[in-house]
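K.L.:
I am sharing input.cif, which consists of mmCIF, C-alpha atoms and all ligand atoms:
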```
data_protein
#
loop_
_atom_site.label_atom_id
_atom_site.label_comp_id
_atom_site.auth_asym_id
_atom_site.auth_seq_id
_atom_site.Cartn_x
_atom_site.Cartn_y
_atom_site.Cartn_z
CA MET T 18 79.54 63.77 95.79
CA ASN T 19 79.80 67.42 94.72
CA VAL T 20 82.54 68.78 92.47
CA GLU T 21 84.62 70.14 95.35
CA GLN T 22 84.60 66.73 97.02
CA SER T 23 85.61 65.03 93.74
CA ALA T 24 88.54 67.43 93.46
CA ARG T 25 89.66 66.64 97.02
CA LEU T 26 89.24 62.89 96.60
CA ALA T 27 91.17 62.75 93.33
CA PHE T 28 93.86 64.93 94.90
CA SER T 29 94.29 62.53 97.83
CA ASN T 30 94.28 59.46 95.58
CA HIS T 31 96.88 60.90 93.24
CA PHE T 32 99.21 62.73 95.62
CA GLY T 33 98.75 60.54 98.69
CA ARG T 34 97.86 63.40 101.05
CA ASP T 35 94.99 65.82 101.59
CA ALA T 36 94.55 69.09 99.73
CA ASP T 37 95.03 72.16 101.93
CA PHE T 38 92.46 74.26 100.12
CA VAL T 39 90.23 74.37 97.06
CA VAL T 40 89.73 77.39 94.80
CA LYS T 41 86.39 77.75 93.03
CA ALA T 42 86.44 79.99 89.93
CA PRO T 43 83.17 80.47 88.01
CA GLY T 44 82.46 80.55 84.30
CA ARG T 45 80.35 83.40 82.95
CA VAL T 46 77.50 84.30 80.69
CA ASN T 47 77.35 87.67 78.97
CA LEU T 48 73.87 89.23 78.91
CA ILE T 49 74.79 91.93 76.39
CA GLY T 50 77.83 93.81 75.05
CA GLU T 51 79.65 91.48 72.68
CA HIS T 52 83.17 92.14 71.36
CA THR T 53 83.00 95.55 72.99
CA ASP T 54 85.52 94.72 75.75
CA TYR T 55 88.68 94.97 73.62
CA ASN T 56 87.29 98.20 72.15
CA ASP T 57 87.37 99.84 75.62
CA GLY T 58 83.57 99.63 75.70
CA PHE T 59 80.81 98.25 77.96
CA VAL T 60 79.77 94.67 78.78
CA LEU T 61 77.16 93.18 81.11
CA PRO T 62 78.08 89.63 82.19
CA CYS T 63 77.38 87.62 85.31
CA ALA T 64 79.34 84.78 86.86
CA ILE T 65 77.49 81.43 86.81
CA GLU T 66 77.10 78.50 89.18
CA TYR T 67 79.27 76.29 86.96
CA ALA T 68 82.89 76.55 88.04
CA THR T 69 86.42 75.20 87.89
CA TYR T 70 87.64 73.67 91.15
CA ILE T 71 91.35 73.58 91.94
CA ALA T 72 92.60 71.55 94.91
CA VAL T 73 96.04 72.60 96.15
CA SER T 74 98.68 71.74 98.74
CA PRO T 75 102.07 73.42 99.09
CA ARG T 76 105.34 71.57 98.53
CA THR T 77 108.67 72.36 100.15
CA ASP T 78 110.49 72.53 96.78
CA ASP T 79 110.03 74.46 93.52
CA VAL T 80 108.11 71.76 91.68
CA VAL T 81 104.53 72.23 90.45
CA ASN T 82 102.66 68.98 89.74
CA VAL T 83 99.32 69.33 87.98
CA LEU T 84 96.63 66.71 87.46
CA ALA T 85 93.78 67.53 85.05
CA LEU T 86 90.88 65.21 85.87
CA ASP T 87 88.71 66.32 82.97
CA CYS T 88 91.47 65.90 80.39
CA ASP T 89 91.85 62.13 80.76
CA ASN T 90 93.82 62.54 83.99
CA GLN T 91 96.74 64.05 82.08
CA THR T 92 99.54 65.48 84.20
CA ASP T 93 102.08 68.25 83.83
CA ASN T 94 105.01 69.33 85.96
CA PHE T 95 107.44 72.23 85.84
CA LEU T 96 109.68 74.35 88.05
CA VAL T 97 107.89 77.39 89.34
CA ASN T 98 110.88 79.75 89.26
CA LYS T 99 112.38 78.76 85.88
CA PRO T 100 111.35 80.26 82.50
CA LEU T 101 108.44 78.30 81.01
CA ASN T 102 107.83 77.10 77.48
CA SER T 103 104.37 76.32 76.21
CA HIS T 104 103.37 72.66 76.22
CA SER T 105 103.25 71.37 72.67
CA THR T 106 100.51 68.77 73.04
CA GLN T 107 98.48 69.47 76.19
CA THR T 108 96.67 72.73 75.48
CA TRP T 109 95.04 72.81 78.92
CA SER T 110 98.38 73.04 80.69
CA ASN T 111 99.24 76.25 78.86
CA TYR T 112 96.52 78.05 80.83
CA VAL T 113 98.34 76.98 84.01
CA ARG T 114 101.84 77.67 82.72
CA GLY T 115 100.72 80.97 81.20
CA VAL T 116 99.49 82.27 84.55
CA VAL T 117 102.71 81.21 86.30
CA ASP T 118 104.69 82.88 83.50
CA GLU T 119 102.79 86.16 84.06
CA LEU T 120 103.34 85.94 87.84
CA GLN T 121 107.07 85.41 87.20
CA LYS T 122 107.17 88.45 84.88
CA ARG T 123 105.74 90.52 87.73
CA ASN T 124 108.55 89.27 90.02
CA HIS T 125 106.27 87.49 92.46
CA LYS T 126 108.05 85.04 94.76
CA LEU T 127 106.50 81.65 93.97
CA SER T 128 106.73 78.27 95.62
CA GLY T 129 105.95 74.73 94.46
CA CYS T 130 102.66 72.90 94.97
CA ASP T 131 100.54 69.93 93.94
CA ILE T 132 97.37 70.81 92.04
CA CYS T 133 94.29 68.85 90.96
CA ILE T 134 91.89 70.53 88.50
CA THR T 135 88.31 69.59 87.72
CA GLY T 136 85.04 71.42 87.17
CA ASN T 137 81.62 71.58 85.59
CA VAL T 138 81.86 74.57 83.25
CA PRO T 139 80.98 73.04 79.87
CA GLN T 140 84.10 73.22 77.70
CA GLY T 141 83.98 74.87 74.28
CA ALA T 142 80.48 76.20 74.96
CA GLY T 143 81.35 79.90 75.19
CA LEU T 144 80.88 79.93 78.97
CA SER T 145 84.55 80.74 79.68
CA SER T 146 85.92 77.53 81.11
CA SER T 147 89.41 78.75 80.15
CA ALA T 148 89.06 82.10 81.94
CA ALA T 149 87.80 80.22 85.01
CA LEU T 150 90.91 78.03 84.93
CA GLU T 151 93.26 81.00 84.54
CA VAL T 152 91.59 83.01 87.29
CA GLY T 153 91.49 79.97 89.57
CA ILE T 154 95.21 79.26 89.11
CA ALA T 155 96.15 82.91 89.70
CA TYR T 156 93.98 82.99 92.83
CA ALA T 157 95.49 79.70 94.06
CA PHE T 158 99.06 81.05 93.80
CA ASN T 159 97.90 84.34 95.30
CA HIS T 160 96.73 82.46 98.39
CA LEU T 161 99.52 79.89 98.50
CA CYS T 162 102.35 82.42 98.19
CA GLU T 163 100.61 85.29 100.06
CA LEU T 164 100.95 87.65 97.12
CA PHE T 165 98.09 90.04 98.09
CA ILE T 166 97.05 90.65 94.49
CA GLU T 167 93.72 92.50 94.09
CA ARG T 168 90.88 90.85 92.19
CA LYS T 169 91.07 93.17 89.18
CA ASP T 170 94.80 92.46 88.91
CA ILE T 171 94.12 88.71 89.15
CA ALA T 172 91.88 89.22 86.10
CA LYS T 173 94.58 91.18 84.24
CA ILE T 174 97.18 88.48 84.94
CA ALA T 175 94.75 85.79 83.73
CA GLN T 176 93.98 87.77 80.56
CA ALA T 177 97.70 88.35 79.90
CA ALA T 178 98.28 84.58 80.21
CA GLU T 179 95.69 83.96 77.50
CA ASN T 180 97.01 86.76 75.25
CA ASN T 181 100.73 86.04 75.62
CA PHE T 182 100.98 82.31 76.31
CA VAL T 183 97.87 80.71 74.83
CA GLY T 184 97.73 83.11 71.86
CA CYS T 185 94.11 84.25 71.92
CA ASN T 186 93.87 88.01 71.89
CA CYS T 187 90.80 88.10 74.16
CA GLY T 188 89.57 91.14 76.08
CA ILE T 189 89.18 91.47 79.86
CA MET T 190 85.49 90.55 80.29
CA ASP T 191 85.67 86.83 81.03
CA GLN T 192 88.53 87.00 83.51
CA LEU T 193 87.15 90.10 85.22
CA ILE T 194 83.71 88.65 85.87
CA SER T 195 85.19 85.33 87.04
CA ALA T 196 87.33 87.30 89.50
CA CYS T 197 84.79 89.95 90.59
CA GLY T 198 81.30 88.42 90.13
CA GLN T 199 78.64 89.10 92.77
CA GLN T 200 75.87 86.79 93.99
CA GLY T 201 72.53 87.83 92.49
CA GLN T 202 74.07 90.59 90.37
CA ALA T 203 75.21 91.07 86.82
CA LEU T 204 78.10 93.51 86.52
CA GLY T 205 78.18 96.38 84.08
CA ILE T 206 81.87 96.77 83.26
CA ASP T 207 83.46 99.83 81.76
CA CYS T 208 86.35 98.08 80.04
CA ARG T 209 88.38 101.31 79.78
CA SER T 210 88.39 102.21 83.49
CA LEU T 211 87.44 98.72 84.79
CA ASP T 212 84.77 100.41 86.91
CA LEU T 213 82.03 97.94 87.92
CA ILE T 214 78.34 98.75 88.17
CA GLU T 215 76.17 96.22 90.04
CA VAL T 216 72.93 95.40 88.25
CA SER T 217 70.42 93.35 90.24
CA ILE T 218 68.69 90.48 88.49
CA ASP T 219 65.01 89.97 89.32
CA PRO T 220 64.55 86.51 90.92
CA LYS T 221 61.27 86.22 88.95
CA MET T 222 63.44 85.85 85.84
CA THR T 223 65.63 82.87 84.88
CA ILE T 224 68.91 83.02 82.99
CA LEU T 225 68.89 80.16 80.55
CA MET T 226 72.01 79.12 78.63
CA VAL T 227 71.46 76.85 75.68
CA ASN T 228 74.48 75.25 74.07
CA SER T 229 73.93 74.90 70.33
CA ASN T 230 76.67 72.25 70.32
CA VAL T 231 78.00 73.78 67.10
CA LYS T 232 81.71 72.91 67.06
CA ARG T 233 83.69 76.14 67.23
CA GLY T 234 86.49 75.49 64.73
CA LEU T 235 87.69 78.90 63.57
CA LEU T 236 87.12 80.78 66.78
CA ASP T 237 90.66 81.98 67.54
CA SER T 238 91.54 83.09 64.02
CA GLU T 239 88.17 84.75 63.35
CA TYR T 240 88.23 86.38 66.80
CA ASN T 241 91.67 87.86 66.25
CA LEU T 242 90.60 89.04 62.78
CA ARG T 243 87.55 90.87 64.21
CA ARG T 244 89.83 92.55 66.69
CA GLU T 245 92.18 93.73 63.93
CA GLN T 246 89.25 95.06 61.89
CA CYS T 247 87.99 97.03 64.91
CA TYR T 248 91.43 98.53 65.47
CA ALA T 249 91.64 99.40 61.76
CA GLY T 250 88.26 101.15 62.10
CA ALA T 251 89.39 103.18 65.11
CA GLU T 252 92.56 104.19 63.29
CA ALA T 253 90.67 105.21 60.17
CA LEU T 254 88.44 107.41 62.35
CA SER T 255 91.51 108.81 64.17
CA LYS T 256 90.34 107.57 67.59
CA PRO T 257 92.28 105.67 70.24
CA SER T 258 89.45 103.10 70.36
CA LEU T 259 85.92 102.55 69.02
CA ARG T 260 84.65 103.47 72.50
CA GLU T 261 85.41 107.07 71.56
CA VAL T 262 83.20 106.96 68.45
CA SER T 263 79.64 108.24 68.88
CA ILE T 264 76.74 107.07 66.73
CA GLY T 265 76.62 110.53 65.11
CA GLU T 266 80.33 110.44 64.24
CA TYR T 267 80.03 106.96 62.83
CA GLU T 268 76.99 107.81 60.71
CA SER T 269 78.62 110.93 59.25
CA LYS T 270 81.90 109.17 58.41
CA LYS T 271 80.88 105.62 57.55
CA HIS T 272 81.11 106.26 53.80
CA THR T 273 84.87 106.89 54.24
CA LEU T 274 85.45 103.43 55.71
CA ASP T 275 86.21 100.16 53.97
CA PRO T 276 82.75 98.50 53.75
CA SER T 277 83.67 95.39 55.78
CA VAL T 278 85.38 97.51 58.46
CA ALA T 279 82.31 99.80 58.54
CA LYS T 280 80.08 96.83 59.44
CA ARG T 281 82.32 95.87 62.37
CA VAL T 282 82.48 99.47 63.58
CA GLU T 283 78.71 99.87 63.34
CA HIS T 284 78.20 96.80 65.53
CA ILE T 285 80.55 98.08 68.23
CA VAL T 286 79.28 101.68 68.26
CA TYR T 287 75.62 100.66 68.60
CA GLU T 288 76.34 97.69 70.92
CA ASN T 289 77.99 100.02 73.42
CA VAL T 290 74.87 102.19 73.52
CA ARG T 291 72.62 99.13 73.79
CA THR T 292 74.65 97.82 76.71
CA LEU T 293 74.32 101.08 78.63
CA GLU T 294 70.59 101.11 77.91
CA ALA T 295 70.32 97.48 79.04
CA MET T 296 71.91 98.30 82.41
CA GLN T 297 69.17 100.87 82.90
CA ALA T 298 66.48 98.48 81.68
CA PHE T 299 67.61 95.71 84.07
CA THR T 300 67.59 98.23 86.91
CA ASN T 301 64.07 99.41 85.99
CA ASN T 302 62.96 95.84 85.27
CA ASP T 303 61.86 97.06 81.85
CA ILE T 304 61.65 93.64 80.20
CA ALA T 305 60.10 94.85 76.94
CA LYS T 306 63.05 97.19 76.44
CA LEU T 307 65.52 94.37 77.23
CA SER T 308 63.73 92.16 74.75
CA THR T 309 64.30 94.73 72.00
CA LEU T 310 67.91 95.41 72.96
CA MET T 311 68.84 91.72 73.04
CA ALA T 312 67.12 91.12 69.69
CA GLN T 313 68.99 94.06 68.15
CA SER T 314 72.25 92.79 69.60
CA HIS T 315 71.72 89.38 68.06
CA ALA T 316 70.78 90.80 64.65
CA SER T 317 73.88 92.98 64.74
CA MET T 318 76.14 90.01 65.56
CA ARG T 319 74.50 88.10 62.72
CA ASP T 320 74.46 90.78 60.00
CA LEU T 321 77.24 93.23 60.88
CA PHE T 322 79.83 91.45 63.01
CA GLU T 323 79.06 88.15 61.24
CA ILE T 324 79.86 85.82 64.14
CA THR T 325 76.68 83.75 64.43
CA THR T 326 75.92 80.48 62.63
CA SER T 327 72.67 79.30 61.03
CA GLN T 328 72.07 76.84 63.90
CA ILE T 329 72.50 79.61 66.48
CA ASP T 330 70.10 81.86 64.55
CA THR T 331 67.57 79.00 64.47
CA LEU T 332 67.88 78.51 68.23
CA VAL T 333 67.39 82.20 68.90
CA ASN T 334 64.29 82.29 66.67
CA ILE T 335 62.74 79.25 68.42
CA ILE T 336 63.16 80.90 71.84
CA ALA T 337 62.13 84.40 70.70
CA LYS T 338 58.80 83.06 69.40
CA VAL T 339 57.94 81.71 72.86
CA ILE T 340 59.02 84.64 75.00
CA ASN T 341 58.07 87.59 72.73
CA GLU T 342 58.41 90.84 74.68
CA HIS T 343 58.33 88.98 78.04
CA GLY T 344 62.06 88.22 77.85
CA GLY T 345 65.19 88.49 75.72
CA VAL T 346 67.45 86.14 73.78
CA ARG T 347 70.73 86.41 71.87
CA MET T 348 73.95 84.57 71.18
CA THR T 349 76.48 85.03 73.98
CA GLY T 350 80.28 85.01 73.90
CA GLY T 351 82.87 85.10 71.15
CA GLY T 352 80.67 83.48 68.51
CA PHE T 353 80.85 80.85 65.74
CA GLY T 354 78.87 78.43 67.91
CA GLY T 355 78.61 78.02 71.65
CA CYS T 356 75.62 79.21 73.66
CA VAL T 357 72.67 81.50 73.39
CA VAL T 358 71.52 83.29 76.53
CA ALA T 359 67.84 83.81 77.24
CA PHE T 360 66.38 85.97 79.98
CA VAL T 361 63.06 84.27 80.62
CA PRO T 362 60.23 84.88 83.12
CA ASN T 363 60.05 81.87 85.44
CA PHE T 364 56.52 81.02 84.28
CA LEU T 365 57.71 80.58 80.67
CA VAL T 366 60.82 78.46 81.31
CA ASP T 367 59.07 75.11 80.77
CA ASN T 368 57.50 76.35 77.52
CA VAL T 369 60.88 77.56 76.25
CA ILE T 370 62.56 74.27 77.08
CA SER T 371 59.88 72.19 75.40
CA ALA T 372 59.98 74.39 72.26
CA ILE T 373 63.75 73.88 72.04
CA GLU T 374 63.48 70.16 72.67
CA THR T 375 60.87 69.63 69.98
CA GLN T 376 62.25 71.98 67.29
CA TYR T 377 66.02 72.54 67.51
CA GLU T 378 67.29 69.06 66.66
CA GLN T 379 64.58 68.61 64.08
CA GLN T 380 65.61 71.82 62.27
CA THR T 381 69.40 71.57 62.60
CA GLY T 382 70.34 67.94 63.26
CA LEU T 383 72.11 69.02 66.47
CA LYS T 384 71.01 68.26 70.02
CA GLU T 385 71.12 71.18 72.45
CA THR T 386 72.24 71.18 76.09
CA ILE T 387 70.34 73.46 78.47
CA TYR T 388 71.69 75.08 81.65
CA THR T 389 70.24 77.57 84.10
CA SER T 390 72.04 79.65 86.67
CA VAL T 391 71.56 82.47 89.11
CA PRO T 392 74.27 85.17 89.03
CA SER T 393 77.06 83.91 91.27
CA ALA T 394 80.04 85.15 93.25
CA GLY T 395 83.52 85.49 91.77
CA VAL T 396 86.52 83.31 92.59
CA SER T 397 86.67 82.12 96.19
CA LEU T 398 88.58 79.90 98.57
CA ILE T 399 87.12 76.80 100.21
CA ARG T 400 89.20 75.57 103.13
CA ALA T 401 89.19 71.95 104.34
C1 LIG T 501 85.37 86.01 74.26
C2 LIG T 501 86.52 86.84 74.82
C3 LIG T 501 86.00 88.09 75.54
C4 LIG T 501 85.01 88.86 74.67
C5 LIG T 501 83.97 87.93 74.08
C6 LIG T 501 83.08 88.62 73.09
O1 LIG T 501 84.62 85.47 75.31
O2 LIG T 501 87.30 86.08 75.71
O3 LIG T 501 87.09 88.90 75.92
O4 LIG T 501 85.67 89.60 73.69
O5 LIG T 501 84.55 86.81 73.43
O6 LIG T 501 82.31 89.58 73.71
#
```
Show me the file's structure as structure tokens.
P.N.:
Amino acid sequence: MNVEQSARLAFSNHFGRDADFVVKAPGRVNLIGEHTDYNDGFVLPCAIEYATYIAVSPRTDDVVNVLALDCDNQTDNFLVNKPLNSHSTQTWSNYVRGVVDELQKRNHKLSGCDICITGNVPQGAGLSSSAALEVGIAYAFNHLCELFIERKDIAKIAQAAENNFVGCNCGIMDQLISACGQQGQALGIDCRSLDLIEVSIDPKMTILMVNSNVKRGLLDSEYNLRREQCYAGAEALSKPSLREVSIGEYESKKHTLDPSVAKRVEHIVYENVRTLEAMQAFTNNDIAKLSTLMAQSHASMRDLFEITTSQIDTLVNIIAKVINEHGGVRMTGGGFGGCVVAFVPNFLVDNVISAIETQYEQQTGLKETIYTSVPSAGVSLIRA
């Protein structure tokens, strides 16, 4: 049975009737451009085959009943047109409530429904299972209540839910790629204008995601701190955002900045340029250039933005030694654990996997989990 079928079956068992439709919202992997999104900069993610599936049927009243299969079959229920409080114990339900809260704030007319959520995006791995859930819920209500919200606005609503209700001050990248992803393409995103640039991925290359299985304890607090430091840097340089700071400007003024802020600013300023260069390199299939850019990105996250861990650095080194200039590897996502992403020629995939399997656990005491994916489409509807 596939994941969609499991969602439908659990829905029928729990609610005693069939689901009308299922929404599929993908997770994402970011190829390059880390922590640049909330600095109005550039990112280059793609949606992945792993997704959250949400089975839905309308109700005739205002009640929303939610069943979360992957959270021990926990349930939540609330009234769709009444002000919502966050749930004190079930963190997962705040992603659902948060989206409904944002839809309410925008005065959308909402109606009740029964919902069953499941999926195969690994949780806590930095592959955006939470963004997939938020985007999926927004898309489900969009369809159910005929709201006609555009995909980019679905992403903004999902991001607002995470910022305002869940309390993580994330940027727009994860929600935007889950909403707007394209089959076979990564998307270059200008996070100031939200313009999207399609970047084809060569089918002779494999996107490998390797979960370090480092537990990501401090993610939210450290993430929000990085964001504050970036904003402090922009203010000190009298710019609306770090996007507006060129390498030349940074280099001539860095001595005026607080040293720890300067490191954060340096990462963002150079990472934006690397991301633009990477879009060109993917387009030209210039793998040697990508290899260098991804290595520089990782070193910058390690030494300047200080968001990697020793286990992640070990994993990156193991993979880099196998692929050399034939591919690229770096940590992906918010940091402090989670996954590394490797862009590997198909003929080297087996060698990379066996190097990880023989060395990573031995060097770190942690066992990895390996995933591959082709770039996938954004959120979509599957009817019965
Ligand atoms: C998390 C956030 C994104 C982005 C990345 C880092 O995934 O949700 O908005 O900032 O971290 O690039």
K.L.:
Kindly indicate which residue among T:Ser23, T:Asn241, T:Asn341, T:Asn94 lies nearest to ligand LIG 501 (chain T), using all atoms listed in the file for the distances.
P.N.:
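That would be T:Asn241, the residue with the smallest distance to ligand LIG 501 (chain T).
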K.L.:
Within 12 Å of (70.0, 92.3, 74.2) (file coordinates; all atoms listed in the file), which protein or nucleic acid residues are there? I'd like them as a PDB file with C-alpha atoms, keeping the file's coordinate frame.
P.N.:
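Listed below is the output, result_17.pdb:
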```pdb
ATOM      1  CA  ASN T  47      77.350  87.670  78.970  1.00  0.00           C
ATOM      2  CA  LEU T  48      73.870  89.230  78.910  1.00  0.00           C
ATOM      3  CA  ILE T  49      74.790  91.930  76.390  1.00  0.00           C
ATOM      4  CA  GLY T  50      77.830  93.810  75.050  1.00  0.00           C
ATOM      5  CA  GLU T  51      79.650  91.480  72.680  1.00  0.00           C
ATOM      6  CA  VAL T  60      79.770  94.670  78.780  1.00  0.00           C
ATOM      7  CA  LEU T  61      77.160  93.180  81.110  1.00  0.00           C
ATOM      8  CA  PRO T  62      78.080  89.630  82.190  1.00  0.00           C
ATOM      9  CA  TYR T 287      75.620 100.660  68.600  1.00  0.00           C
ATOM     10  CA  GLU T 288      76.340  97.690  70.920  1.00  0.00           C
ATOM     11  CA  ASN T 289      77.990 100.020  73.420  1.00  0.00           C
ATOM     12  CA  VAL T 290      74.870 102.190  73.520  1.00  0.00           C
ATOM     13  CA  ARG T 291      72.620  99.130  73.790  1.00  0.00           C
ATOM     14  CA  THR T 292      74.650  97.820  76.710  1.00  0.00           C
ATOM     15  CA  LEU T 293      74.320 101.080  78.630  1.00  0.00           C
ATOM     16  CA  GLU T 294      70.590 101.110  77.910  1.00  0.00           C
ATOM     17  CA  ALA T 295      70.320  97.480  79.040  1.00  0.00           C
ATOM     18  CA  MET T 296      71.910  98.300  82.410  1.00  0.00           C
ATOM     19  CA  ALA T 298      66.480  98.480  81.680  1.00  0.00           C
ATOM     20  CA  PHE T 299      67.610  95.710  84.070  1.00  0.00           C
ATOM     21  CA  ILE T 304      61.650  93.640  80.200  1.00  0.00           C
ATOM     22  CA  ALA T 305      60.100  94.850  76.940  1.00  0.00           C
ATOM     23  CA  LYS T 306      63.050  97.190  76.440  1.00  0.00           C
ATOM     24  CA  LEU T 307      65.520  94.370  77.230  1.00  0.00           C
ATOM     25  CA  SER T 308      63.730  92.160  74.750  1.00  0.00           C
ATOM     26  CA  THR T 309      64.300  94.730  72.000  1.00  0.00           C
ATOM     27  CA  LEU T 310      67.910  95.410  72.960  1.00  0.00           C
ATOM     28  CA  MET T 311      68.840  91.720  73.040  1.00  0.00           C
ATOM     29  CA  ALA T 312      67.120  91.120  69.690  1.00  0.00           C
ATOM     30  CA  GLN T 313      68.990  94.060  68.150  1.00  0.00           C
ATOM     31  CA  SER T 314      72.250  92.790  69.600  1.00  0.00           C
ATOM     32  CA  HIS T 315      71.720  89.380  68.060  1.00  0.00           C
ATOM     33  CA  ALA T 316      70.780  90.800  64.650  1.00  0.00           C
ATOM     34  CA  SER T 317      73.880  92.980  64.740  1.00  0.00           C
ATOM     35  CA  MET T 318      76.140  90.010  65.560  1.00  0.00           C
ATOM     36  CA  VAL T 333      67.390  82.200  68.900  1.00  0.00           C
ATOM     37  CA  ALA T 337      62.130  84.400  70.700  1.00  0.00           C
ATOM     38  CA  GLU T 342      58.410  90.840  74.680  1.00  0.00           C
ATOM     39  CA  GLY T 344      62.060  88.220  77.850  1.00  0.00           C
ATOM     40  CA  GLY T 345      65.190  88.490  75.720  1.00  0.00           C
ATOM     41  CA  VAL T 346      67.450  86.140  73.780  1.00  0.00           C
ATOM     42  CA  ARG T 347      70.730  86.410  71.870  1.00  0.00           C
ATOM     43  CA  MET T 348      73.950  84.570  71.180  1.00  0.00           C
ATOM     44  CA  THR T 349      76.480  85.030  73.980  1.00  0.00           C
ATOM     45  CA  VAL T 357      72.670  81.500  73.390  1.00  0.00           C
ATOM     46  CA  VAL T 358      71.520  83.290  76.530  1.00  0.00           C
ATOM     47  CA  ALA T 359      67.840  83.810  77.240  1.00  0.00           C
ATOM     48  CA  PHE T 360      66.380  85.970  79.980  1.00  0.00           C
TER      49      PHE T 360
END
```
K.L.:
Give the answer as one residue: which of T:Cys247, T:Val152, T:Ile134, T:Leu120 has the shortest atom-to-atom distance to Gln91 (chain T), using only C-alpha atoms?
P.N.:
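For Gln91 (chain T), the nearest of the candidates is T:Ile134.
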K.L.:
List the spatial neighbours of Ile65 (chain T) as an MDAnalysis selection string - criterion: any atom at most 6 Å away, only C-alpha atoms, same-chain residues fewer than 5 positions off excluded.
P.N.:
chainID T and resid 43:45 390 392:393
K.L.:
Next, write the just-selected residues to a file, as a PDB file, in the coordinates of the input, keeping C-alpha atoms as the atom set.
P.N.:
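Okay, this is what ended up in result_11.pdb:
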```
ATOM      1  CA  PRO T  43      83.170  80.470  88.010  1.00  0.00           C
ATOM      2  CA  GLY T  44      82.460  80.550  84.300  1.00  0.00           C
ATOM      3  CA  ARG T  45      80.350  83.400  82.950  1.00  0.00           C
ATOM      4  CA  SER T 390      72.040  79.650  86.670  1.00  0.00           C
ATOM      5  CA  PRO T 392      74.270  85.170  89.030  1.00  0.00           C
ATOM      6  CA  SER T 393      77.060  83.910  91.270  1.00  0.00           C
TER       7      SER T 393
END
```
K.L.:
CA of Val40 (chain T) to CA of Phe95 (chain T): how many Å, to one decimal?
P.N.:
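Interatomic distance here is 20.5 Å.
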K.L.:
Please extract the residues at most 7 Å from ligand LIG 501 (chain T), counting all atoms listed in the file, and provide them as number ranges by chain, using the chain letters and residue numbers of this document.
P.N.:
T: 50-55, 143, 145, 187-191, 350-351
K.L.:
Generate a file of the selected residues that holds C-alpha atoms, formatted as a PDB file, keeping the file's coordinate frame.
P.N.:
```
ATOM      1  CA  GLY T  50      77.830  93.810  75.050  1.00  0.00           C
ATOM      2  CA  GLU T  51      79.650  91.480  72.680  1.00  0.00           C
ATOM      3  CA  HIS T  52      83.170  92.140  71.360  1.00  0.00           C
ATOM      4  CA  THR T  53      83.000  95.550  72.990  1.00  0.00           C
ATOM      5  CA  ASP T  54      85.520  94.720  75.750  1.00  0.00           C
ATOM      6  CA  TYR T  55      88.680  94.970  73.620  1.00  0.00           C
ATOM      7  CA  GLY T 143      81.350  79.900  75.190  1.00  0.00           C
ATOM      8  CA  SER T 145      84.550  80.740  79.680  1.00  0.00           C
ATOM      9  CA  CYS T 187      90.800  88.100  74.160  1.00  0.00           C
ATOM     10  CA  GLY T 188      89.570  91.140  76.080  1.00  0.00           C
ATOM     11  CA  ILE T 189      89.180  91.470  79.860  1.00  0.00           C
ATOM     12  CA  MET T 190      85.490  90.550  80.290  1.00  0.00           C
ATOM     13  CA  ASP T 191      85.670  86.830  81.030  1.00  0.00           C
ATOM     14  CA  GLY T 350      80.280  85.010  73.900  1.00  0.00           C
ATOM     15  CA  GLY T 351      82.870  85.100  71.150  1.00  0.00           C
TER      16      GLY T 351
END
```
K.L.:
If you count only C-alpha atoms, which residues fall within 9 Å of Arg168 (chain T), apart from same-chain ones fewer than 5 positions away, as JSON, numbers by chain?
P.N.:
{"T": [156, 173, 193, 196, 197, 396]}
K.L.:
Can you list, as a list in words, every protein, DNA or RNA residue that comes within 7 Å of region 215-228 of chain T when you count only C-alpha atoms, leaving out same-chain residues fewer than 3 positions away?
P.N.:
Ala142, Gly201, Gln202, Ala203, Leu204, Gly205, Met296, Phe299, Thr300, Gly355, Cys356, Val357, Val358, Ala359, Phe360, Val361, Pro362, Asn363, Glu385, Thr386, Ile387, Tyr388, Thr389, Ser390 and Val391 of chain T
K.L.:
Taking into account all atoms listed in the file, which residue in the set T:Phe158, T:Tyr267, T:Trp109, T:Phe182 is nearest to Val97 (chain T)?
P.N.:
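Smallest separation from Val97 (chain T) among the options: T:Phe158.
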K.L.:
Give me, as a list in words, all polymer residues having an atom no more than 8 Å from Ala72 (chain T), counting only C-alpha atoms and skipping those fewer than 5 positions away in the same chain.
P.N.:
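Counting only C-alpha atoms, the residues come to Ala24, Arg25, Phe28, Ala36, Asp37, Phe38, Val39, Val40, Ile132, Cys133 and Ile134 of chain T.
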K.L.:
To one decimal place, how far is CA of Asn137 (chain T) from CA of Tyr70 (chain T) in Å?
P.N.:
8.5 Å
K.L.:
Hey, can you check how far CA of Ile154 (chain T) sits from CA of Arg243 (chain T)?
P.N.:
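We find that CA of Ile154 (chain T) and CA of Arg243 (chain T) lie 28.5 Å from each other.
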K.L.:
Taking 3 positions as the minimum chain separation for residues in the same chain, which residues sit within 12 Å of region 281-283 of chain T when counting all atoms listed in the file? Answer as a count of residues only.
P.N.:
52
K.L.:
Out of T:Asn102, T:Ser147, T:Asn159, T:Ser397, which residue has the shortest atom-to-atom distance to Lys126 (chain T) when counting only C-alpha atoms?
P.N.:
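Going through T:Asn102, T:Ser147, T:Asn159, T:Ser397 one by one, the smallest distance to Lys126 (chain T) is for T:Asn159.
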K.L.:
Considering all atoms listed in the file, can you say which of T:Val80, T:Ile166, T:Val231, T:Val183 comes closest to Thr108 (chain T)?
P.N.:
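Residue with the minimum atom-to-atom distance to Thr108 (chain T): T:Val183.
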